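For reference, run-v6.tsv is printed below; it contains TSV, C-alpha atoms.
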```tsv
chain	number	residue	atom	x	y	z
E	1	MET	CA	66.18	12.89	-9.01
E	2	PRO	CA	68.21	10.68	-6.64
E	3	ASN	CA	71.94	10.56	-7.40
E	4	ARG	CA	73.27	7.27	-8.72
E	5	GLY	CA	75.96	7.38	-6.06
E	6	MET	CA	73.41	7.34	-3.25
E	7	SER	CA	73.03	4.28	-1.08
E	8	GLY	CA	69.68	2.55	-0.72
E	9	LEU	CA	68.87	4.36	2.52
E	10	GLU	CA	69.83	7.74	1.05
E	11	LYS	CA	67.52	7.14	-1.92
E	12	ALA	CA	64.68	6.26	0.42
E	13	LYS	CA	65.27	9.44	2.43
E	14	TYR	CA	65.34	11.49	-0.79
E	15	VAL	CA	61.92	10.20	-1.91
E	16	LEU	CA	60.26	10.47	1.49
E	17	PHE	CA	61.90	13.59	2.90
E	18	GLY	CA	63.34	15.51	-0.07
E	19	LYS	CA	66.93	16.45	-0.87
E	20	SER	CA	68.08	15.98	2.71
E	21	GLN	CA	66.89	14.48	5.92
E	22	ASN	CA	66.19	17.95	7.33
E	23	SER	CA	64.11	19.14	4.36
E	24	ALA	CA	60.33	19.03	4.14
E	25	TYR	CA	58.73	15.86	5.44
E	26	VAL	CA	55.65	14.26	3.90
E	27	TRP	CA	53.75	17.41	4.73
E	28	GLN	CA	50.83	17.10	2.32
E	29	ASP	CA	48.42	15.62	4.90
E	30	ARG	CA	49.93	17.32	7.98
E	31	GLU	CA	50.12	21.02	7.12
E	32	VAL	CA	47.95	23.98	6.13
E	33	ARG	CA	49.66	26.16	3.54
E	34	PHE	CA	48.62	29.44	1.91
E	35	ASP	CA	49.74	30.67	-1.52
E	36	CYS	CA	52.44	28.03	-1.79
E	37	PRO	CA	54.55	27.58	-4.97
E	38	VAL	CA	52.74	25.94	-7.86
E	39	SER	CA	55.17	23.00	-7.72
E	40	ALA	CA	53.88	22.20	-4.22
E	41	LEU	CA	50.46	21.48	-5.72
E	42	ASP	CA	51.80	18.50	-7.66
E	43	CYS	CA	51.02	15.05	-6.29
E	44	ARG	CA	53.89	13.34	-4.45
E	45	PRO	CA	54.60	9.60	-4.79
E	46	GLY	CA	51.62	7.67	-3.44
E	47	GLU	CA	49.29	10.67	-3.63
E	48	THR	CA	46.32	10.03	-5.88
E	49	LEU	CA	43.90	12.51	-7.42
E	50	ILE	CA	40.34	11.59	-6.45
E	51	ASP	CA	38.11	14.38	-7.73
E	52	THR	CA	38.25	17.90	-9.18
E	53	MET	CA	35.43	20.46	-9.15
E	54	SER	CA	35.32	23.82	-10.88
E	55	GLN	CA	33.26	26.93	-10.06
E	56	ILE	CA	34.10	26.77	-6.35
E	57	GLU	CA	34.44	30.01	-4.36
E	58	ASP	CA	36.73	30.47	-1.38
E	59	THR	CA	34.04	32.53	0.31
E	60	LYS	CA	35.99	33.59	3.39
E	61	GLY	CA	39.45	34.40	2.08
E	62	ASN	CA	38.83	35.18	-1.60
E	63	SER	CA	35.19	36.19	-1.78
E	64	GLY	CA	33.97	36.74	-5.31
E	65	GLU	CA	36.73	34.64	-6.90
E	66	GLN	CA	35.98	31.30	-8.51
E	67	GLY	CA	38.51	28.50	-8.47
E	68	GLN	CA	39.10	24.80	-8.75
E	69	LEU	CA	38.82	22.46	-5.78
E	70	THR	CA	40.93	19.30	-5.92
E	71	MET	CA	40.76	16.32	-3.57
E	72	THR	CA	43.51	13.74	-3.20
E	73	ASN	CA	43.96	10.93	-0.71
E	74	LEU	CA	46.10	13.26	1.45
E	75	ARG	CA	44.77	16.80	1.17
E	76	LEU	CA	42.27	19.32	-0.13
E	77	MET	CA	43.48	22.03	-2.53
E	78	TRP	CA	41.82	25.19	-3.86
E	79	VAL	CA	43.41	27.16	-6.72
E	80	SER	CA	42.09	30.49	-8.04
E	81	ASP	CA	41.14	30.67	-11.71
E	82	LYS	CA	42.73	34.13	-12.00
E	83	SER	CA	46.16	33.14	-10.69
E	84	HIS	CA	47.52	29.79	-9.57
E	85	ARG	CA	49.68	31.64	-7.06
E	86	ILE	CA	46.51	32.19	-5.03
E	87	ASN	CA	45.90	28.77	-3.54
E	88	LEU	CA	45.22	26.73	-0.41
E	89	THR	CA	46.33	23.25	0.60
E	90	LEU	CA	44.66	21.64	3.62
E	91	GLY	CA	46.05	18.37	4.95
E	92	TYR	CA	43.40	15.95	6.17
E	93	ASN	CA	45.35	15.39	9.39
E	94	CYS	CA	44.79	19.08	10.24
E	95	ILE	CA	41.01	18.98	9.71
E	96	VAL	CA	39.04	19.12	12.96
E	97	SER	CA	35.51	19.14	11.55
E	98	ILE	CA	33.53	19.43	8.32
E	99	ASN	CA	30.02	20.96	8.39
E	100	ILE	CA	27.37	22.26	6.01
E	101	LYS	CA	25.95	25.67	6.97
E	102	GLU	CA	24.36	28.76	5.47
E	103	ALA	CA	26.86	31.30	4.19
E	104	SER	CA	26.69	34.63	2.38
E	105	SER	CA	28.50	34.61	-0.96
E	106	ARG	CA	29.29	37.77	-2.92
E	107	LEU	CA	28.45	36.01	-6.20
E	108	LYS	CA	25.63	33.68	-5.11
E	109	GLY	CA	24.10	35.39	-2.09
E	110	SER	CA	22.81	33.31	0.81
E	111	THR	CA	23.42	29.64	0.12
E	112	GLN	CA	24.62	26.39	1.67
E	113	ALA	CA	28.39	26.11	1.90
E	114	LEU	CA	31.06	23.74	3.17
E	115	PHE	CA	32.73	24.84	6.42
E	116	VAL	CA	36.13	23.25	7.10
E	117	LEU	CA	37.71	23.87	10.51
E	118	THR	CA	41.43	23.07	10.74
E	119	LYS	CA	44.16	23.23	13.38
E	120	PHE	CA	47.84	23.57	12.54
E	121	HIS	CA	50.27	23.77	15.46
E	122	THR	CA	48.50	26.13	17.89
E	123	SER	CA	46.46	28.05	15.30
E	124	LYS	CA	42.94	27.34	14.06
E	125	PHE	CA	41.72	28.25	10.59
E	126	GLU	CA	38.22	28.15	9.14
E	127	PHE	CA	37.58	27.81	5.42
E	128	ILE	CA	34.26	28.23	3.58
E	129	PHE	CA	33.75	26.79	0.10
E	130	THR	CA	30.67	27.57	-2.01
E	131	ASN	CA	29.65	25.66	-5.11
E	132	PHE	CA	28.16	27.76	-7.94
E	133	VAL	CA	26.69	24.70	-9.65
E	134	ARG	CA	23.03	24.67	-8.69
E	135	ASP	CA	21.55	21.63	-6.88
E	136	SER	CA	24.87	19.77	-6.82
E	137	PRO	CA	25.59	17.94	-3.51
E	138	ARG	CA	28.91	16.65	-4.85
E	139	LEU	CA	30.95	19.24	-2.95
E	140	PHE	CA	29.57	18.03	0.38
E	141	THR	CA	29.36	14.27	-0.12
E	142	THR	CA	32.74	13.68	-1.78
E	143	ILE	CA	34.85	15.57	0.76
E	144	GLN	CA	33.10	13.99	3.74
E	145	THR	CA	33.52	10.50	2.29
E	146	VAL	CA	37.23	10.95	1.53
E	147	PHE	CA	37.91	12.47	4.95
E	148	ARG	CA	36.17	9.54	6.63
E	149	ALA	CA	38.31	7.10	4.63
E	150	TYR	CA	41.45	8.98	5.69
E	151	ASN	CA	40.49	8.87	9.36
E	152	THR	CA	39.85	5.14	9.34
E	153	SER	CA	43.23	4.34	7.75
E	154	ARG	CA	45.61	6.14	10.13
E	155	MET	CA	47.45	2.92	11.02
E	156	TYR	CA	49.09	3.07	7.58
E	157	ARG	CA	50.67	6.46	8.37
E	158	ASP	CA	50.86	7.03	12.15
E	159	LEU	CA	53.22	5.50	14.70
E	160	LYS	CA	51.21	3.71	17.37
E	161	LEU	CA	52.34	2.67	20.87
E	162	ARG	CA	50.42	0.09	22.89
E	163	GLY	CA	47.65	-0.23	20.31
E	164	ALA	CA	45.23	-3.06	19.63
E	165	VAL	CA	47.33	-4.49	16.81
E	166	ILE	CA	47.91	-8.04	18.15
E	167	SER	CA	45.33	-10.73	18.81
E	168	ASP	CA	46.30	-14.21	20.06
E	169	LYS	CA	49.95	-13.65	19.13
E	170	GLU	CA	48.91	-12.80	15.57
E	171	LEU	CA	49.13	-9.44	13.81
E	172	LYS	CA	45.84	-7.84	12.82
E	173	LEU	CA	46.43	-7.16	9.15
E	174	LEU	CA	45.28	-3.97	7.46
E	175	PRO	CA	43.29	-4.34	4.19
E	176	LEU	CA	46.33	-3.77	1.92
E	177	GLU	CA	48.92	-5.29	4.23
E	178	GLN	CA	50.99	-8.43	3.68
E	179	ILE	CA	53.38	-10.11	6.14
E	180	TYR	CA	56.82	-10.82	4.67
E	181	SER	CA	58.47	-12.31	7.74
E	182	GLN	CA	57.87	-13.04	11.40
E	183	VAL	CA	61.01	-12.94	13.57
E	184	ASN	CA	60.83	-14.57	16.98
E	185	GLY	CA	63.20	-13.92	19.87
E	186	VAL	CA	63.67	-10.18	19.27
E	187	TRP	CA	64.63	-8.07	22.28
E	188	ASN	CA	63.26	-4.55	22.67
E	189	LEU	CA	66.01	-2.44	24.27
E	190	SER	CA	63.75	0.33	25.54
E	191	SER	CA	64.30	-0.70	29.15
E	192	GLU	CA	67.40	-1.59	31.16
E	193	GLN	CA	66.82	-5.34	31.06
E	194	GLY	CA	65.08	-5.52	27.67
E	195	ASN	CA	61.83	-7.28	26.72
E	196	LEU	CA	61.65	-10.44	24.66
E	197	GLY	CA	59.10	-10.39	21.87
E	198	THR	CA	58.20	-11.02	18.23
E	199	PHE	CA	58.91	-8.85	15.19
E	200	PHE	CA	56.55	-8.64	12.17
E	201	VAL	CA	57.87	-7.19	8.91
E	202	THR	CA	55.13	-6.23	6.41
E	203	ASN	CA	54.87	-4.14	3.25
E	204	VAL	CA	53.66	-1.03	5.10
E	205	ARG	CA	55.09	-1.17	8.65
E	206	LEU	CA	57.16	-2.88	11.33
E	207	VAL	CA	55.38	-4.27	14.41
E	208	TRP	CA	56.95	-5.57	17.61
E	209	HIS	CA	55.10	-6.95	20.63
E	210	ALA	CA	56.20	-8.50	23.94
E	211	ASN	CA	55.55	-12.22	24.30
E	212	LEU	CA	54.33	-11.88	27.88
E	213	LEU	CA	52.06	-8.86	27.27
E	214	GLU	CA	50.49	-8.30	23.85
E	215	THR	CA	49.43	-4.74	24.66
E	216	PHE	CA	53.10	-3.77	25.07
E	217	ASN	CA	53.75	-3.18	21.39
E	218	VAL	CA	54.75	-0.64	18.78
E	219	SER	CA	53.62	-0.17	15.17
E	220	ILE	CA	56.08	1.78	12.99
E	221	PRO	CA	54.90	2.70	9.47
E	222	TYR	CA	57.66	3.06	6.89
E	223	MET	CA	56.39	6.60	6.27
E	224	GLN	CA	57.54	7.64	9.76
E	225	ILE	CA	61.02	6.10	9.54
E	226	VAL	CA	63.95	8.49	9.10
E	227	SER	CA	66.79	5.98	9.27
E	228	VAL	CA	67.50	2.27	9.81
E	229	GLY	CA	70.90	0.95	10.81
E	230	VAL	CA	72.97	-1.38	12.95
E	231	ARG	CA	74.81	0.35	15.79
E	232	ASP	CA	76.78	-0.49	18.92
E	233	SER	CA	74.93	-0.41	22.23
E	234	LYS	CA	75.53	-1.59	25.77
E	235	PHE	CA	73.80	-4.80	24.67
E	236	GLY	CA	76.15	-5.19	21.71
E	237	GLN	CA	75.17	-4.77	18.05
E	238	ALA	CA	71.54	-3.57	17.79
E	239	LEU	CA	69.09	-2.75	15.03
E	240	VAL	CA	68.23	0.94	15.49
E	241	ILE	CA	65.15	2.59	13.91
E	242	GLU	CA	64.82	6.38	14.10
E	243	THR	CA	61.40	7.98	13.55
E	244	HIS	CA	60.50	11.46	12.43
E	245	PRO	CA	60.02	14.27	14.99
E	246	ASN	CA	56.37	14.63	13.94
E	247	SER	CA	55.74	11.13	15.28
E	248	GLY	CA	57.72	11.65	18.49
E	249	GLY	CA	61.30	11.37	17.27
E	250	TYR	CA	61.81	7.94	18.84
E	251	MET	CA	65.06	6.00	18.69
E	252	LEU	CA	64.01	2.35	18.92
E	253	GLY	CA	66.56	-0.40	19.43
E	254	PHE	CA	66.09	-4.13	18.85
E	255	LYS	CA	68.47	-6.99	19.52
E	256	VAL	CA	68.43	-9.99	17.17
E	257	GLU	CA	70.76	-12.96	17.69
E	258	PRO	CA	72.89	-14.30	16.14
E	259	GLN	CA	74.61	-11.53	14.14
E	260	ASP	CA	73.98	-13.04	10.69
E	261	ARG	CA	70.27	-13.21	11.53
E	262	MET	CA	70.31	-9.52	12.46
E	263	ASP	CA	72.02	-8.66	9.19
E	264	LYS	CA	69.34	-10.58	7.31
E	265	VAL	CA	66.53	-8.72	9.11
E	266	TYR	CA	68.27	-5.38	8.53
E	267	THR	CA	68.66	-6.06	4.78
E	268	GLU	CA	65.02	-7.07	4.47
E	269	ILE	CA	63.76	-3.96	6.26
E	270	GLU	CA	66.00	-1.69	4.17
E	271	THR	CA	64.79	-3.27	0.93
E	272	LEU	CA	61.11	-3.02	1.86
E	273	TRP	CA	61.61	0.59	2.94
E	274	GLN	CA	63.08	1.43	-0.47
E	275	VAL	CA	60.16	-0.25	-2.24
E	276	TYR	CA	57.67	1.60	-0.06
E	277	SER	CA	59.46	4.92	-0.64
E	278	ALA	CA	59.12	4.56	-4.41
E	279	GLU	CA	55.38	3.86	-4.24
E	280	PRO	CA	53.92	4.39	-0.74
E	281	ILE	CA	50.74	2.61	0.32
E	282	LEU	CA	48.81	5.32	2.16
E	283	GLY	CA	45.72	3.26	2.92
E	284	VAL	CA	42.97	5.53	1.56
E	285	GLN	CA	40.89	3.34	-0.72
E	286	PHE	CA	38.22	4.78	-2.98
E	287	THR	CA	36.08	3.93	-5.98
E	288	VAL	CA	35.09	6.66	-8.42
E	289	GLU	CA	31.57	6.36	-9.80
E	290	ASP	CA	29.75	8.41	-12.43
E	291	VAL	CA	32.89	10.05	-13.70
E	292	ALA	CA	32.23	12.91	-16.10
E	293	LYS	CA	33.42	11.99	-19.57
E	294	PRO	CA	35.99	14.18	-21.33
E	295	LEU	CA	34.60	16.85	-23.64
E	296	LYS	CA	35.98	15.12	-26.73
E	297	ASP	CA	34.03	11.97	-25.83
E	298	MET	CA	30.79	13.93	-25.36
E	299	THR	CA	31.10	16.01	-28.54
E	300	ILE	CA	28.64	14.98	-31.28
E	301	HIS	CA	30.20	15.51	-34.66
E	302	ARG	CA	28.10	17.21	-37.35
E	303	LYS	CA	26.73	14.85	-39.97
E	304	GLN	CA	25.66	15.79	-43.49
E	305	ASP	CA	21.94	15.17	-44.01
E	306	ASP	CA	21.17	12.56	-46.67
E	307	VAL	CA	18.74	14.86	-48.49
E	308	GLU	CA	18.83	16.06	-52.10
E	309	ILE	CA	17.84	19.72	-52.46
E	310	VAL	CA	16.09	20.56	-55.73
E	311	ASP	CA	15.87	24.20	-56.84
E	312	ALA	CA	12.29	25.35	-57.63
E	313	ASP	CA	11.32	27.06	-60.92
E	314	ALA	CA	12.43	30.66	-60.57
E	315	SER	CA	9.62	31.85	-62.92
E	316	ALA	CA	7.01	31.18	-60.19
E	317	ALA	CA	8.64	33.55	-57.71
E	318	PHE	CA	6.90	36.63	-59.12
E	319	ALA	CA	3.52	35.38	-57.87
E	320	ALA	CA	4.38	36.39	-54.30
E	321	TYR	CA	4.75	40.01	-55.46
E	322	TYR	CA	1.82	40.08	-57.97
E	323	ALA	CA	-0.59	42.99	-57.54
E	324	GLU	CA	-3.89	43.28	-59.46
E	325	ASP	CA	-4.67	46.72	-60.93
E	326	GLY	CA	-8.15	48.26	-60.78
E	327	ARG	CA	-9.47	45.92	-58.08
E	328	GLN	CA	-12.59	47.38	-56.38
E	329	ALA	CA	-14.01	44.42	-54.41
E	330	ASP	CA	-13.38	40.76	-53.64
E	331	ARG	CA	-14.38	38.30	-56.33
E	332	GLU	CA	-16.86	35.48	-55.91
E	333	VAL	CA	-15.76	32.74	-53.47
E	334	VAL	CA	-15.93	29.19	-54.80
E	335	TYR	CA	-14.85	25.84	-53.35
E	336	ASN	CA	-11.67	24.32	-54.83
E	337	PRO	CA	-11.83	20.53	-54.39
E	338	ASP	CA	-8.09	20.14	-55.11
E	339	LEU	CA	-7.07	22.45	-52.24
E	340	GLY	CA	-9.97	21.71	-49.93
E	341	LEU	CA	-10.38	25.48	-49.41
E	342	ALA	CA	-12.71	28.26	-50.44
E	343	THR	CA	-10.94	30.67	-52.80
E	344	GLU	CA	-11.76	33.65	-54.96
E	345	THR	CA	-12.31	33.05	-58.64
E	346	LEU	CA	-9.36	33.87	-60.86
E	347	PRO	CA	-9.46	37.19	-62.70
E	348	ALA	CA	-9.96	37.41	-66.47
E	349	GLY	CA	-7.05	38.40	-68.67
E	350	PRO	CA	-3.65	36.90	-69.48
E	351	LEU	CA	-3.62	35.03	-66.13
E	352	GLY	CA	-7.34	34.30	-66.08
E	353	CYS	CA	-9.09	30.96	-66.27
E	354	SER	CA	-9.06	30.94	-70.07
E	355	ASN	CA	-5.27	31.14	-70.25
E	356	LEU	CA	-4.38	29.26	-67.05
E	357	SER	CA	-3.81	26.04	-68.97
E	358	ARG	CA	-0.79	27.66	-70.63
E	359	VAL	CA	0.93	28.39	-67.28
E	360	PRO	CA	3.39	25.78	-65.99
E	361	VAL	CA	2.17	23.64	-63.10
E	362	ASN	CA	4.45	25.20	-60.48
E	363	GLN	CA	3.50	28.71	-61.63
E	364	HIS	CA	-0.16	27.70	-61.70
E	365	LYS	CA	-0.06	26.75	-58.00
E	366	ALA	CA	1.84	29.90	-57.12
E	367	ILE	CA	-0.71	32.13	-58.86
E	368	ILE	CA	-3.60	30.46	-57.07
E	369	LEU	CA	-1.89	30.71	-53.68
E	370	GLY	CA	-0.88	34.30	-54.37
E	371	ASN	CA	-4.47	35.41	-55.02
E	372	PHE	CA	-6.15	34.11	-51.86
E	373	SER	CA	-8.33	36.59	-50.14
E	374	THR	CA	-7.64	36.75	-46.42
E	375	ALA	CA	-11.34	36.97	-45.77
E	376	ALA	CA	-12.05	33.98	-47.99
E	377	LEU	CA	-9.48	31.55	-46.47
E	378	THR	CA	-12.05	29.58	-44.54
E	379	THR	CA	-12.20	25.83	-44.43
E	380	PHE	CA	-15.00	24.49	-46.60
E	381	GLN	CA	-16.44	21.08	-45.94
E	382	PRO	CA	-17.82	19.39	-49.12
E	383	VAL	CA	-21.38	18.09	-49.02
```
Do you think you could lay out the structure here as structure tokens?
Amino acid sequence: MPNRGMSGLEKAKYVLFGKSQNSAYVWQDREVRFDCPVSALDCRPGETLIDTMSQIEDTKGNSGEQGQLTMTNLRLMWVSDKSHRINLTLGYNCIVSINIKEASSRLKGSTQALFVLTKFHTSKFEFIFTNFVRDSPRLFTTIQTVFRAYNTSRMYRDLKLRGAVISDKELKLLPLEQIYSQVNGVWNLSSEQGNLGTFFVTNVRLVWHANLLETFNVSIPYMQIVSVGVRDSKFGQALVIETHPNSGGYMLGFKVEPQDRMDKVYTEIETLWQVYSAEPILGVQFTVEDVAKPLKDMTIHRKQDDVEIVDADASAAFAAYYAEDGRQADREVVYNPDLGLATETLPAGPLGCSNLSRVPVNQHKAIILGNFSTAALTTFQPV
């Protein structure tokens, strides 16, 4: 956490660059890392989790191991299910191409997989991800869509010289951008004589352009700023903005007159930089559709059936085991209009027809059903 004794600029540097100015920069979208500490997998300020998919295999580097693939607005991460120490983090700025090709998986055999080609410094790396969920195009469509959104929003994150950012003396606003002030009569001290122009201060960047030539301009996102201050120069007091080495390591000087006006511009830029550092606007916009519901929301709780169970008369149970002694042949088959079936006649004796009226109703039915002849169970149609 930032120290309470830090100045506003020091707090901004802490959030954007870490404990010191020389520590890790906002590397999440600009580096490829292997088996990094688990803490490095946490989202930084401004980084948003977009989608997570399980049962994904790192086919090339960890064939046969399933893991979880996570997409944010800055990078792509794969973490092994066996150990979180086995992981990958691929910054979108390092991705050269994304393709869908056939690949051979140890667990799934020949199948379509996602091929991601990256370049970090002078080295190229290829990654292959295979989805074990059958007939699911989500792995391919989601990553390609997010990567396209990242590519089309680089003006939020990259320093741009001589870009098409001005039209008819007006700044071309980005979708999430708001202008806080427009300062006229600002000198750019990049040359010996200086160039007179206009300064735009927004919520995501600083833009300066020459009044005589709109294409002579510079767009400086707050993400690329290392320090802002007022220093002495051969032109007198100047507003100096230093950018990170990854964006060229520029030292840009601007002259604003009079001095109290310069102090006002400096204070405004410092304040907006602090606000941006706390919650950066990275420009990748997305809308999540058809989100899978949590398991607790999909669980159907067991309900007790509204049915009363009545125990049958236990005395009728013996009919299923009843065996008739001395039986030589099947008895005469007669039609029973109550059952709608042809049945054998009941035997004489204690359970014969003469004594059947004494048997309880439930037992009566059980005796009849227990004495069907398999050969005689034929449907009989009454005349």
**Message:** I need every residue sitting at most 8 Å from the point (62.1, 3.5, 8.3) (coordinates as in the file, all atoms listed in the file considered), written as a list in words.
**Reply:**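 Here the neighbourhood of the point contains Ile220, Pro221, Tyr222, Met223, Gln224, Ile225, Val226, Ser227, Val228, Ile241, Glu242, Thr243, Ile269, Glu270 and Trp273 of chain E.
If you count all atoms listed in the file and draw a sphere of 10 Å around (40.3, -2.8, 7.8), the protein and nucleic acid residues inside it come out as Thr152, Ser153, Met155, Lys172, Leu173, Leu174, Pro175, Leu176, Glu177 and Gly283 of chain E.
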**Asked** Which residues come within 12 Å of stretch 111-123 of chain E, counting all atoms listed in the file, excluding same-chain residues fewer than 3 positions away, as a PyMOL selection string?
**Response** chain E and resi 27+29-33+56-60+69+75-76+89-108+126-144+147+246
**Message:** Applying 6 Å and all atoms listed in the file, which residues near stretch 329-334 of chain E remain after dropping the ones on its own chain fewer than 6 positions away? List them as a PyMOL selection string.
**Reply:** chain E and resi 342-345
**Request:** Just give me the gap between atom CA of E:Glu214 and atom CA of E:Ile166 in Å, one decimal is fine.
**Result:**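 Atom-to-atom, atom CA of E:Glu214 and atom CA of E:Ile166 are spaced 6.3 Å apart.
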**Asked** What is the atom CA of E:Ser167 to atom CA of E:Val204 distance in Å?
**Response**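 About the pair atom CA of E:Ser167 and atom CA of E:Val204: they are 18.7 Å apart.
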**Item:** d(atom CA of E:Gln182, atom CA of E:Phe199) in Å
**Value:**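 Computed distance, atom CA of E:Gln182 to atom CA of E:Phe199, equals 5.7 Å.
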**Item:** Shell around stretch 200-202 of chain E at 6 Å using all atoms listed in the file, local window under 4 positions removed, as a list in words
**Value:**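 Once the adjacent positions are removed, what remains is Gln178, Ile179, Tyr180, Ser181, Gln182, Leu206 and Val207 of chain E.
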